[in-house]
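Working notes, structure below.
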Amino acid sequence: MTTDSTLTFIQPGHPLYAGELELRFRVLREPLGYTREQVAFPFEAQSLHLVAHEADTVLGCVLFNPEDAHGGRLFQMAVATHLQGQGLGARLVRALEDELRRRGFSQVHLHARAPAIPFYERLGYAVYGEPYSEVGIPHRNMRKSLGT
Ligand SMILES: CC(C)(COP(=O)(O)OP(=O)(O)OC[C@H]1O[C@@H](n2cnc3c(N)ncnc32)[C@H](O)[C@@H]1OP(=O)(O)O)[C@@H](O)C(=O)NCCC(=O)NCCS
């Protein structure tokens with residue numbers, strides 16, 4: 001079922017955007033005690049938003065904020081709880097990376113929650129720098145150079 005979901009790049013204002021925000025709230029923010037008003041980032045409109053969906057139900061997402069001509073930050077990586085561990089997260093990251101290569105980006109960095117580090121490592125991301133806390137959770141910085 002998961003592998004059948006459709007992957008679509010959207011922007012704020014797209015009919016799937018409300019579903020993306022709701023998924024981000026449920027998976028990434030609500031468990032930490034944040035409100036729906038605290039989900040959006042200041043750079044939503046400048047970011048790429050890739051969503052996995054079945055019809056109008058959003059099941060996963062990953063975002064990328066371009067920071068310069070060469071690269072930027074992957075963020076808000078989320079898969080619906082009942083679908084985690086079935087390959088959808090990896091499929092989203094690989095599809096995002098394909099699009100970034102097409103657009104000429106070569107560097108991706110991200111703030112990984114500690115439990116998600118092995119997920120990113122399997123996708124070729126490497127830890128750098130010291131551990132730190134963000135949104136009350138231990139994090140590490142990770143990065144990857146996109147091959148052509
Ligand atoms: C982290 C997350 C995005 C991963 O997506 P997913 O669809 O569950 O992961 P996948 O099924 O695509 O996993 C891909 C690979 O990573 C592995 N993996 C995933 N999560 C893992 C974990 N926590 N620990 C160890 N390995 C993990 C899988 O076993 C799989 O390995 P394989 O290639 O050998 O089969 C998802 O679990 C999620 O939304 N978690 C909650 C929110 C979160 O933590 N987001 C990241 C914030 S930085």
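By order of appearance in the structure tokens: chains A, B, ..., then residues from 1 within every chain, and ligands from 1 in the order shown.
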Would you kindly return, as a VMD selection string, each protein, DNA or RNA residue with an atom no farther than 10 Å from any atom of A:Thr81, considering only C-alpha atoms and excluding same-chain residues fewer than 5 positions away? chain A and resid 23 26 to 27 59 to 60
Could you please extract the residues within 8 Å of ligand 1, counting only C-alpha atoms and all ligand atoms, and hand them back as a VMD selection string? chain A and resid 27 to 28 60 75 to 81 83 to 92 110 to 123 139
Skip A:Pro15 itself and residues of its chain fewer than 4 positions away, then list as a PyMOL selection string all residues within 9 Å of it, counting only C-alpha atoms. chain A and resi 10+19+56
Shell of 10 Å around A:Arg29, only C-alpha atoms, local chain residues under 6 positions omitted, as a list in words: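 Answer for this query is Glu22, Leu23, Thr35, Arg36, Gln38, Val39, Gln76 and Val135 of chain A.
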Writer output for current selection, N, CA and C atoms, as an mmCIF file, in the first residue's frame:
```cif
data_model
loop_
_atom_site.group_PDB
_atom_site.id
_atom_site.type_symbol
_atom_site.label_atom_id
_atom_site.label_comp_id
_atom_site.auth_asym_id
_atom_site.auth_seq_id
_atom_site.Cartn_x
_atom_site.Cartn_y
_atom_site.Cartn_z
ATOM 1 N N GLU A 22 -1.104 19.214 8.685
ATOM 2 C CA GLU A 22 -1.736 18.376 9.704
ATOM 3 C C GLU A 22 -0.843 17.171 10.030
ATOM 4 N N LEU A 23 -0.258 16.558 8.984
ATOM 5 C CA LEU A 23 0.657 15.431 9.228
ATOM 6 C C LEU A 23 1.865 15.888 10.041
ATOM 7 N N THR A 35 1.422 23.512 19.528
ATOM 8 C CA THR A 35 0.108 23.725 18.938
ATOM 9 C C THR A 35 0.221 23.744 17.407
ATOM 10 N N ARG A 36 -0.925 23.689 16.726
ATOM 11 C CA ARG A 36 -0.954 23.771 15.260
ATOM 12 C C ARG A 36 -0.336 25.085 14.769
ATOM 13 N N GLN A 38 2.195 26.440 15.767
ATOM 14 C CA GLN A 38 3.653 26.405 15.869
ATOM 15 C C GLN A 38 4.287 25.446 14.862
ATOM 16 N N VAL A 39 3.538 25.049 13.842
ATOM 17 C CA VAL A 39 4.047 24.076 12.873
ATOM 18 C C VAL A 39 4.830 24.749 11.749
ATOM 19 N N GLN A 76 11.529 18.770 8.344
ATOM 20 C CA GLN A 76 10.132 18.328 8.459
ATOM 21 C C GLN A 76 9.886 16.999 7.741
ATOM 22 N N VAL A 135 14.058 21.607 20.090
ATOM 23 C CA VAL A 135 12.684 21.261 20.500
ATOM 24 C C VAL A 135 12.678 20.234 21.643
#
```
Apply DSSP to the backbone of this structure and, from chain A, keep only the residues in strand (DSSP E); write these as a PyMOL selection string. chain A and resi 6-10+48-54+57-66+71-79+107-113+126-134+137-145
Convert the current residue selection to file output with C-alpha atoms, as a PDB file, in the first residue's frame.
```
ATOM      1  CA  THR A   6       1.848   9.142  -5.123  1.00  0.00           C
ATOM      2  CA  LEU A   7       4.690  11.603  -4.588  1.00  0.00           C
ATOM      3  CA  THR A   8       3.931  15.226  -5.516  1.00  0.00           C
ATOM      4  CA  PHE A   9       5.866  18.481  -5.102  1.00  0.00           C
ATOM      5  CA  ILE A  10       3.544  21.186  -3.775  1.00  0.00           C
ATOM      6  CA  LEU A  48      10.325  22.585  -1.712  1.00  0.00           C
ATOM      7  CA  HIS A  49       7.538  20.456  -0.229  1.00  0.00           C
ATOM      8  CA  LEU A  50       7.350  16.806  -1.310  1.00  0.00           C
ATOM      9  CA  VAL A  51       4.272  14.937  -0.099  1.00  0.00           C
ATOM     10  CA  ALA A  52       3.287  11.274  -0.341  1.00  0.00           C
ATOM     11  CA  HIS A  53      -0.473  10.903  -0.682  1.00  0.00           C
ATOM     12  CA  GLU A  54      -3.283   8.578  -1.610  1.00  0.00           C
ATOM     13  CA  THR A  57      -4.813  11.986   2.201  1.00  0.00           C
ATOM     14  CA  VAL A  58      -1.234  13.039   2.981  1.00  0.00           C
ATOM     15  CA  LEU A  59       0.791  10.123   4.401  1.00  0.00           C
ATOM     16  CA  GLY A  60       4.326  11.502   4.400  1.00  0.00           C
ATOM     17  CA  CYS A  61       6.362  14.590   3.644  1.00  0.00           C
ATOM     18  CA  VAL A  62       9.834  16.051   3.460  1.00  0.00           C
ATOM     19  CA  LEU A  63      10.862  19.669   2.891  1.00  0.00           C
ATOM     20  CA  PHE A  64      14.002  21.360   1.579  1.00  0.00           C
ATOM     21  CA  ASN A  65      15.002  24.966   2.096  1.00  0.00           C
ATOM     22  CA  PRO A  66      17.579  26.203  -0.458  1.00  0.00           C
ATOM     23  CA  GLY A  71      22.590  23.364  -1.247  1.00  0.00           C
ATOM     24  CA  GLY A  72      20.329  23.742   1.719  1.00  0.00           C
ATOM     25  CA  ARG A  73      18.514  22.052   4.569  1.00  0.00           C
ATOM     26  CA  LEU A  74      16.228  19.040   4.499  1.00  0.00           C
ATOM     27  CA  PHE A  75      13.600  19.402   7.246  1.00  0.00           C
ATOM     28  CA  GLN A  76      10.132  18.328   8.459  1.00  0.00           C
ATOM     29  CA  MET A  77      10.648  14.673   7.479  1.00  0.00           C
ATOM     30  CA  ALA A  78       7.550  12.780   8.608  1.00  0.00           C
ATOM     31  CA  VAL A  79       5.674   9.560   7.850  1.00  0.00           C
ATOM     32  CA  GLN A 107      24.830  19.590  -0.753  1.00  0.00           C
ATOM     33  CA  VAL A 108      22.131  18.637   1.757  1.00  0.00           C
ATOM     34  CA  HIS A 109      22.324  19.107   5.517  1.00  0.00           C
ATOM     35  CA  LEU A 110      19.763  18.410   8.233  1.00  0.00           C
ATOM     36  CA  HIS A 111      19.118  18.419  11.974  1.00  0.00           C
ATOM     37  CA  ALA A 112      18.517  14.769  12.854  1.00  0.00           C
ATOM     38  CA  ARG A 113      16.618  13.722  15.943  1.00  0.00           C
ATOM     39  CA  ALA A 126      26.980  11.413   7.878  1.00  0.00           C
ATOM     40  CA  VAL A 127      26.988  12.993  11.316  1.00  0.00           C
ATOM     41  CA  TYR A 128      29.194  16.041  11.895  1.00  0.00           C
ATOM     42  CA  GLY A 129      29.708  18.416  14.814  1.00  0.00           C
ATOM     43  CA  GLU A 130      28.672  18.063  18.414  1.00  0.00           C
ATOM     44  CA  PRO A 131      25.341  16.800  19.809  1.00  0.00           C
ATOM     45  CA  TYR A 132      22.828  19.501  20.761  1.00  0.00           C
ATOM     46  CA  SER A 133      19.216  19.854  21.862  1.00  0.00           C
ATOM     47  CA  GLU A 134      16.412  21.232  19.669  1.00  0.00           C
ATOM     48  CA  ILE A 137      15.155  16.444  21.783  1.00  0.00           C
ATOM     49  CA  PRO A 138      18.833  15.389  21.339  1.00  0.00           C
ATOM     50  CA  HIS A 139      19.944  16.144  17.771  1.00  0.00           C
ATOM     51  CA  ARG A 140      23.016  15.771  15.544  1.00  0.00           C
ATOM     52  CA  ASN A 141      23.819  17.646  12.376  1.00  0.00           C
ATOM     53  CA  MET A 142      24.102  15.405   9.304  1.00  0.00           C
ATOM     54  CA  ARG A 143      25.048  16.057   5.686  1.00  0.00           C
ATOM     55  CA  LYS A 144      25.416  14.417   2.320  1.00  0.00           C
ATOM     56  CA  SER A 145      26.981  15.355  -1.004  1.00  0.00           C
TER      57      SER A 145
END
```
Please provide as a list of chain:residue names all residues within 7 Å of A:Phe105, with the sequence filter that same-chain residues fewer than 3 positions apart are discarded (counting only C-alpha atoms).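 Answer for this query is A:Ala69, A:His70, A:Gly71, A:Leu100, A:Arg101.
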For the residues in that selection, give me C-alpha atoms as a compact mmCIF listing (two decimals), in the first residue's frame.
```txt
# COMPACT_ATOMS: atom_id res chain seq x y z
CA ALA A 69 23.09 27.97 -5.17
CA HIS A 70 24.69 24.69 -4.07
CA GLY A 71 22.59 23.36 -1.25
CA LEU A 100 17.62 18.46 -6.09
CA ARG A 101 20.16 16.97 -8.51
```
Report the distance between atom CA of A:Phe41 and atom CA of A:Asp68 in Å, rounded to one decimal place. 17.9 Å
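In this comparison, which uses only C-alpha atoms, the residue of A:Leu146, A:Tyr125, A:Ala55, A:Glu37 approaching A:Ser5 most closely is A:Ala55.
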Give me every helix (DSSP H, G or I) residue in chain A, going by DSSP on the backbone, as number ranges by chain. A: 2-4, 17-32, 36-38, 81-83, 88-102, 114-122
Go ahead and write the selection's residues with N, CA and C atoms as a CSV table (one decimal), in the first residue's frame.
```csv
chain,number,residue,atom,x,y,z
A,2,THR,N,1.9,1.3,0.9
A,2,THR,CA,2.7,2.4,1.0
A,2,THR,C,3.4,2.8,-0.3
A,3,THR,N,4.0,1.8,-0.9
A,3,THR,CA,4.8,2.0,-2.1
A,3,THR,C,3.9,2.5,-3.3
A,4,ASP,N,2.5,2.3,-3.2
A,4,ASP,CA,1.6,2.8,-4.2
A,4,ASP,C,1.3,4.3,-4.0
A,17,TYR,N,-1.7,21.1,0.8
A,17,TYR,CA,-0.9,21.7,1.8
A,17,TYR,C,-1.5,21.6,3.2
A,18,ALA,N,-2.8,21.7,3.4
A,18,ALA,CA,-3.4,21.6,4.7
A,18,ALA,C,-3.2,20.2,5.3
A,19,GLY,N,-3.2,19.2,4.4
A,19,GLY,CA,-2.9,17.8,4.9
A,19,GLY,C,-1.5,17.7,5.3
A,20,GLU,N,-0.6,18.3,4.5
A,20,GLU,CA,0.8,18.3,4.9
A,20,GLU,C,1.0,18.9,6.3
A,21,LEU,N,0.4,20.1,6.5
A,21,LEU,CA,0.6,20.7,7.8
A,21,LEU,C,0.0,19.9,8.9
A,22,GLU,N,-1.1,19.2,8.7
A,22,GLU,CA,-1.7,18.4,9.7
A,22,GLU,C,-0.8,17.2,10.0
A,23,LEU,N,-0.3,16.6,9.0
A,23,LEU,CA,0.7,15.4,9.2
A,23,LEU,C,1.9,15.9,10.0
A,24,ARG,N,2.4,17.0,9.7
A,24,ARG,CA,3.6,17.6,10.4
A,24,ARG,C,3.2,17.8,11.9
A,25,PHE,N,2.0,18.4,12.1
A,25,PHE,CA,1.6,18.6,13.5
A,25,PHE,C,1.5,17.3,14.2
A,26,ARG,N,0.8,16.3,13.6
A,26,ARG,CA,0.5,15.0,14.3
A,26,ARG,C,1.8,14.3,14.6
A,27,VAL,N,2.7,14.2,13.6
A,27,VAL,CA,3.9,13.4,13.8
A,27,VAL,C,5.1,14.1,14.5
A,28,LEU,N,5.2,15.4,14.2
A,28,LEU,CA,6.4,16.1,14.7
A,28,LEU,C,6.2,17.0,15.8
A,29,ARG,N,5.0,17.6,15.9
A,29,ARG,CA,4.8,18.7,16.9
A,29,ARG,C,3.9,18.3,18.1
A,30,GLU,N,2.8,17.7,17.8
A,30,GLU,CA,1.8,17.4,18.8
A,30,GLU,C,2.5,16.5,19.9
A,31,PRO,N,3.3,15.5,19.6
A,31,PRO,CA,3.9,14.7,20.7
A,31,PRO,C,4.8,15.5,21.6
A,32,LEU,N,5.3,16.7,21.1
A,32,LEU,CA,6.1,17.5,22.0
A,32,LEU,C,5.3,18.6,22.7
A,36,ARG,N,-0.9,23.7,16.7
A,36,ARG,CA,-1.0,23.8,15.3
A,36,ARG,C,-0.3,25.1,14.8
A,37,GLU,N,-0.5,26.1,15.6
A,37,GLU,CA,0.1,27.4,15.1
A,37,GLU,C,1.6,27.5,15.2
A,38,GLN,N,2.2,26.4,15.8
A,38,GLN,CA,3.7,26.4,15.9
A,38,GLN,C,4.3,25.4,14.9
A,81,THR,N,2.2,7.7,11.4
A,81,THR,CA,2.7,6.7,12.4
A,81,THR,C,2.4,5.3,12.0
A,82,HIS,N,1.2,5.0,11.4
A,82,HIS,CA,0.8,3.7,11.1
A,82,HIS,C,1.5,3.1,9.9
A,83,LEU,N,2.3,4.0,9.2
A,83,LEU,CA,3.0,3.5,8.0
A,83,LEU,C,4.5,3.6,8.1
A,88,LEU,N,8.5,4.2,3.2
A,88,LEU,CA,8.0,5.4,2.6
A,88,LEU,C,9.0,6.6,2.9
A,89,GLY,N,9.6,6.7,4.1
A,89,GLY,CA,10.5,7.8,4.4
A,89,GLY,C,11.7,7.7,3.4
A,90,ALA,N,12.3,6.6,3.2
A,90,ALA,CA,13.4,6.4,2.3
A,90,ALA,C,13.0,6.8,0.9
A,91,ARG,N,11.8,6.4,0.5
A,91,ARG,CA,11.3,6.8,-0.9
A,91,ARG,C,11.2,8.3,-1.1
A,92,LEU,N,10.7,9.0,0.0
A,92,LEU,CA,10.6,10.4,-0.1
A,92,LEU,C,11.9,11.1,-0.2
A,93,VAL,N,12.9,10.7,0.6
A,93,VAL,CA,14.2,11.3,0.6
A,93,VAL,C,14.9,11.1,-0.8
A,94,ARG,N,14.8,9.8,-1.3
A,94,ARG,CA,15.4,9.6,-2.6
A,94,ARG,C,14.8,10.4,-3.7
A,95,ALA,N,13.5,10.6,-3.7
A,95,ALA,CA,12.8,11.4,-4.7
A,95,ALA,C,13.2,12.8,-4.5
A,96,LEU,N,13.3,13.3,-3.3
A,96,LEU,CA,13.7,14.7,-3.1
A,96,LEU,C,15.1,14.9,-3.7
A,97,GLU,N,16.0,14.0,-3.3
A,97,GLU,CA,17.4,14.1,-3.8
A,97,GLU,C,17.5,14.1,-5.3
A,98,ASP,N,16.7,13.3,-6.0
A,98,ASP,CA,16.6,13.3,-7.5
A,98,ASP,C,16.3,14.6,-8.0
A,99,GLU,N,15.2,15.2,-7.4
A,99,GLU,CA,14.8,16.6,-7.8
A,99,GLU,C,15.9,17.6,-7.6
A,100,LEU,N,16.6,17.5,-6.4
A,100,LEU,CA,17.6,18.5,-6.1
A,100,LEU,C,18.8,18.4,-7.1
A,101,ARG,N,19.1,17.1,-7.5
A,101,ARG,CA,20.2,17.0,-8.5
A,101,ARG,C,19.7,17.6,-9.8
A,102,ARG,N,18.5,17.4,-10.2
A,102,ARG,CA,17.9,18.0,-11.4
A,102,ARG,C,18.0,19.5,-11.4
A,114,ALA,N,17.9,12.2,17.4
A,114,ALA,CA,18.8,11.1,17.7
A,114,ALA,C,18.2,9.8,17.2
A,115,PRO,N,16.9,9.5,17.4
A,115,PRO,CA,16.3,8.2,17.0
A,115,PRO,C,16.3,8.0,15.5
A,116,ALA,N,16.3,9.1,14.7
A,116,ALA,CA,16.3,9.0,13.3
A,116,ALA,C,17.6,8.9,12.6
A,117,ILE,N,18.7,9.0,13.4
A,117,ILE,CA,20.1,9.0,12.8
A,117,ILE,C,20.3,7.8,12.0
A,118,PRO,N,20.0,6.6,12.5
A,118,PRO,CA,20.2,5.4,11.6
A,118,PRO,C,19.5,5.4,10.3
A,119,PHE,N,18.3,6.0,10.3
A,119,PHE,CA,17.5,6.1,9.1
A,119,PHE,C,18.3,7.0,8.0
A,120,TYR,N,18.8,8.1,8.5
A,120,TYR,CA,19.5,9.0,7.5
A,120,TYR,C,20.9,8.3,7.1
A,121,GLU,N,21.5,7.6,8.1
A,121,GLU,CA,22.8,7.0,7.8
A,121,GLU,C,22.6,5.9,6.6
A,122,ARG,N,21.5,5.2,6.7
A,122,ARG,CA,21.2,4.2,5.6
A,122,ARG,C,21.0,4.9,4.2
```
The distance between atom CA of A:Gly124 and atom CA of A:Gly136 is 25.8 Å
